[in-house]
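Engineer: If you scroll down you'll find the structure; I have some questions about it.
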Amino acid sequence: MPRNPDDQLAGPQSVLAVFAHPDDAELWAGGTLALHAQHAPVHIAVPLHDPVRDAEAKAGAAVLGATLHQHAELTPTAIQALFIELRPHVVITHPVLDAHADHRHTAEAVLQALPEAKIETGRPRRLYSCDTYNSLTLTGPLVPTVMVDVTATFDTKMHALRCHKSQPIDDHFGPMAEDLARLWGRRSGALHAEAFTALPVLGRLPGAAHL
């Protein structure tokens with residue numbers, strides 16, 4: 001399959017993470033987003049929820065070093081507008097066949113928004129889906145194409161995740177995040193890692209094994 005001409009760029013470039021819930025960015029990609037934020041702009045887009053969870057989303061994004069964008073609803077039109085405004089090099093969203101219906105809906109909206117924005121701006125160059133609950137999609141275990149070593153930013157990820165005090169972090173999401181990070185770390189030779197799967201952007205997949 002043809003590959004993007006700028007896949008071999010040395011440094012990380014802008015990232016936009018589009019997720020269904022206020023804590024998804026931290027849970028599924030927090031280490032990676034914090035790592036990228038050290039060198040490039042990182043944006044997180046999530047729907048507005050309620051005052052408590054919206055405030056938690058702002059706090060978590062601040063810990064990661066990301067700019068937060070909150071919309072009443074992340075429709076394809078709203079996402080396309082973000083693509084055109086921000087022109088991200090990399091986009092991260094949920095698996096298309098995620099077991100959570102909200103995650104699937106968001107991933108589908110991203111796919112609908114992408115073609116016209118890509119044609120108009122040339123961005124995004126790369127699209128990735130993230131991990132999910134115990135790495136199980138509707139069709140079976142996640143099969144990632146990239147595992148990012150987040151050992152250096154794992155504590156930041158967990159600090160950001162714990163900003164979501166209204167959620168069952170200590171008893172549920174926190175232990176799962178730790179288990180998944182150790183699992184992908186063991187599989188990739190790191191202490192902690194996060195997993196992503198490349199999706200085609202107008203028929204092209206990335207040619208570099210990094211985001």
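Lettering and numbering for the structure tokens are positional, with chains as A, B, ... in the shown order, residues counted from 1 in each chain, and ligands counted from 1 in the shown order.
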Name the residues in contact with His100 of chain A at a cut-off of 12 Å, using only C-alpha atoms, excluding same-chain residues fewer than 5 positions from it; report them as a VMD selection string.

Structural biologist: chain A and resid 19 to 21 24 94 to 95 105 to 107 131 to 133 135 to 138

Engineer: Please, could you write that set of residues out with N, CA and C atoms as a JSON list (two decimals), in the first residue's frame?

Structural biologist:
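Written file, result06.json:
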```json
[["chain", "number", "residue", "atom", "x", "y", "z"],
["A", 19, "PHE", "N", -11.72, 11.65, 21.39],
["A", 19, "PHE", "CA", -12.23, 10.57, 22.23],
["A", 19, "PHE", "C", -13.66, 10.82, 22.68],
["A", 20, "ALA", "N", -14.30, 9.78, 23.17],
["A", 20, "ALA", "CA", -15.72, 9.82, 23.49],
["A", 20, "ALA", "C", -16.03, 10.35, 24.88],
["A", 21, "HIS", "N", -15.09, 10.19, 25.82],
["A", 21, "HIS", "CA", -15.36, 10.53, 27.21],
["A", 21, "HIS", "C", -14.23, 11.37, 27.80],
["A", 24, "ASP", "N", -10.91, 9.41, 28.54],
["A", 24, "ASP", "CA", -10.37, 8.47, 27.56],
["A", 24, "ASP", "C", -8.95, 8.81, 27.15],
["A", 94, "HIS", "N", -10.59, 6.00, 18.91],
["A", 94, "HIS", "CA", -10.90, 4.67, 19.40],
["A", 94, "HIS", "C", -10.87, 3.63, 18.28],
["A", 95, "PRO", "N", -10.79, 2.34, 18.63],
["A", 95, "PRO", "CA", -10.94, 1.30, 17.63],
["A", 95, "PRO", "C", -12.32, 1.36, 16.97],
["A", 105, "HIS", "N", -18.95, 5.01, 17.94],
["A", 105, "HIS", "CA", -19.60, 6.18, 17.33],
["A", 105, "HIS", "C", -18.57, 7.28, 17.07],
["A", 106, "THR", "N", -17.67, 7.50, 18.02],
["A", 106, "THR", "CA", -16.65, 8.54, 17.86],
["A", 106, "THR", "C", -15.68, 8.17, 16.75],
["A", 107, "ALA", "N", -15.25, 6.91, 16.72],
["A", 107, "ALA", "CA", -14.34, 6.47, 15.67],
["A", 107, "ALA", "C", -14.97, 6.63, 14.29],
["A", 131, "ASP", "N", -5.87, 1.71, 22.39],
["A", 131, "ASP", "CA", -6.22, 0.50, 23.12],
["A", 131, "ASP", "C", -7.68, 0.58, 23.58],
["A", 132, "THR", "N", -8.15, -0.49, 24.17],
["A", 132, "THR", "CA", -9.51, -0.53, 24.69],
["A", 132, "THR", "C", -9.58, -1.43, 25.91],
["A", 133, "TYR", "N", -10.77, -1.66, 26.44],
["A", 133, "TYR", "CA", -10.93, -2.41, 27.68],
["A", 133, "TYR", "C", -10.30, -3.79, 27.58],
["A", 135, "SER", "N", -7.90, -4.67, 26.07],
["A", 135, "SER", "CA", -7.42, -4.88, 24.70],
["A", 135, "SER", "C", -8.28, -5.84, 23.88],
["A", 136, "LEU", "N", -9.59, -5.87, 24.17],
["A", 136, "LEU", "CA", -10.50, -6.75, 23.45],
["A", 136, "LEU", "C", -11.51, -5.94, 22.65],
["A", 137, "THR", "N", -11.51, -6.11, 21.33],
["A", 137, "THR", "CA", -12.51, -5.49, 20.47],
["A", 137, "THR", "C", -13.63, -6.48, 20.21],
["A", 138, "LEU", "N", -14.62, -6.08, 19.42],
["A", 138, "LEU", "CA", -15.73, -6.98, 19.10],
["A", 138, "LEU", "C", -15.29, -8.18, 18.29]]
```

Engineer: Mind the document's chain letters and residue numbers, and return as a ChimeraX atom specification the residues of segment 7-170 of chain A that DSSP labels helix (DSSP H, G or I).

Structural biologist: /A:24-37,51-64,76-86,101-121,133-135,151-161,169-170

Engineer: Using backbone DSSP assignments, extract all strand (DSSP E) residues from chain A; output them as an NGL selection string.

Structural biologist: :A and (15-18 or 42-47 or 67-71 or 90-93 or 126-129 or 136-137 or 140-141 or 146-149 or 193-199)

Engineer: Could you turn the residues from that selection into a file that holds C-alpha atoms, as a JSON list (two decimals), in the first residue's frame?

Structural biologist:
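Final output, saved to part39.json:
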```json
[["chain", "number", "residue", "atom", "x", "y", "z"],
["A", 15, "VAL", "CA", -1.25, 15.34, 17.56],
["A", 16, "LEU", "CA", -5.03, 15.49, 17.91],
["A", 17, "ALA", "CA", -6.72, 12.86, 20.08],
["A", 18, "VAL", "CA", -10.48, 12.54, 19.52],
["A", 42, "VAL", "CA", -0.98, 18.09, 21.49],
["A", 43, "HIS", "CA", -4.74, 18.62, 21.34],
["A", 44, "ILE", "CA", -7.51, 16.57, 22.95],
["A", 45, "ALA", "CA", -11.14, 16.76, 21.77],
["A", 46, "VAL", "CA", -13.95, 15.32, 23.89],
["A", 47, "PRO", "CA", -17.69, 16.02, 24.18],
["A", 67, "THR", "CA", -4.83, 21.79, 24.83],
["A", 68, "LEU", "CA", -8.41, 20.68, 25.46],
["A", 69, "HIS", "CA", -11.28, 21.21, 23.00],
["A", 70, "GLN", "CA", -14.77, 20.50, 24.35],
["A", 71, "HIS", "CA", -17.81, 20.35, 22.08],
["A", 90, "VAL", "CA", -1.32, 12.59, 13.71],
["A", 91, "VAL", "CA", -4.87, 11.75, 14.83],
["A", 92, "ILE", "CA", -5.68, 9.18, 17.51],
["A", 93, "THR", "CA", -9.15, 7.81, 18.20],
["A", 126, "ARG", "CA", -1.46, 9.46, 10.05],
["A", 127, "LEU", "CA", -4.44, 7.96, 11.83],
["A", 128, "TYR", "CA", -4.23, 5.51, 14.73],
["A", 129, "SER", "CA", -6.71, 3.72, 16.92],
["A", 136, "LEU", "CA", -10.50, -6.75, 23.45],
["A", 137, "THR", "CA", -12.51, -5.49, 20.47],
["A", 140, "GLY", "CA", -11.07, -10.32, 19.31],
["A", 141, "PRO", "CA", -7.77, -9.15, 20.82],
["A", 146, "VAL", "CA", 2.96, 0.43, 17.10],
["A", 147, "MET", "CA", 3.89, 0.21, 20.77],
["A", 148, "VAL", "CA", 5.15, 3.45, 22.29],
["A", 149, "ASP", "CA", 7.56, 3.30, 25.24],
["A", 193, "ALA", "CA", 4.10, 1.02, 26.80],
["A", 194, "GLU", "CA", 0.90, 2.00, 25.01],
["A", 195, "ALA", "CA", -0.44, 0.25, 21.90],
["A", 196, "PHE", "CA", -1.84, 1.74, 18.69],
["A", 197, "THR", "CA", -3.05, 0.41, 15.36],
["A", 198, "ALA", "CA", -2.48, 2.33, 12.14],
["A", 199, "LEU", "CA", -5.54, 2.97, 9.98]]
```

Engineer: Tell me, in Å to one decimal, how far atom CA of Arg87 of chain A is from atom CA of Thr151 of chain A.

Structural biologist: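 Going from atom CA of Arg87 of chain A over to atom CA of Thr151 of chain A, I get 28.4 Å.
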
Engineer: Which is closest to His89 of chain A among A:Lys118, A:Arg182, A:Arg187, A:Arg204, if we use only C-alpha atoms?

Structural biologist: A:Lys118

Engineer: With distances taken over only C-alpha atoms, which residue among A:Ala109, A:Ala99, A:Ala55, A:Leu114 lies nearest Cys163 of chain A?

Structural biologist: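 Looking only at the distances to Cys163 of chain A, the closest residue turns out to be A:Ala55.
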
Engineer: Suppose you want the space between atom CA of Ala101 of chain A and atom CA of Gly65 of chain A; what is it in Å?

Structural biologist: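 The value is 28.4 Å.
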
Engineer: Determine, using only C-alpha atoms, which residues of segment 3-96 of chain A have any atom at most 10 Å from an atom of segment 153-160 of chain A, and tabulate each with its shortest atom pair and distance in Å to one decimal place, rows ordered by chain and then rising number, as a tab-separated table.

Structural biologist:
```
residue	atom	partner	partner_atom	distance
A:Asp23	CA	A:Ala160	CA	8.8
A:Ala25	CA	A:Lys157	CA	9.3
A:Glu26	CA	A:Lys157	CA	5.9
A:Leu27	CA	A:Lys157	CA	7.7
A:Trp28	CA	A:Lys157	CA	9.5
A:Ala29	CA	A:Lys157	CA	8.2
A:Gly30	CA	A:Lys157	CA	4.7
A:Gly31	CA	A:Lys157	CA	5.0
A:Thr32	CA	A:Thr153	CA	7.6
A:Leu33	CA	A:Lys157	CA	8.6
A:Ala34	CA	A:Thr153	CA	6.3
A:Leu35	CA	A:Thr153	CA	6.2
A:His36	CA	A:Thr153	CA	9.9
A:Glu56	CA	A:Ala160	CA	9.1
A:Ala57	CA	A:Ala160	CA	9.0
A:Lys58	CA	A:Ala160	CA	9.9
A:Ala59	CA	A:Ala160	CA	7.3
A:Gly60	CA	A:Ala160	CA	4.4
A:Ala61	CA	A:Ala160	CA	7.1
A:Ala62	CA	A:Ala160	CA	8.1
A:Val63	CA	A:Ala160	CA	5.5
A:Leu64	CA	A:Ala160	CA	6.5
A:Gly65	CA	A:Thr156	CA	9.7
```

Engineer: Env of Phe173 of chain A: 9 Å cut, atoms = only C-alpha atoms, seq-sep filter 5 positions within chain, self excluded. Answer as a list in words.

Structural biologist: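 The residues satisfying every condition are Leu27, Leu161, Gln167, Pro168 and Glu178 of chain A.
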
Engineer: Quick one, how far is atom CA of His164 of chain A from atom CA of Pro22 of chain A?

Structural biologist: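 So the two atoms, atom CA of His164 of chain A and atom CA of Pro22 of chain A, lie 8.1 Å apart.
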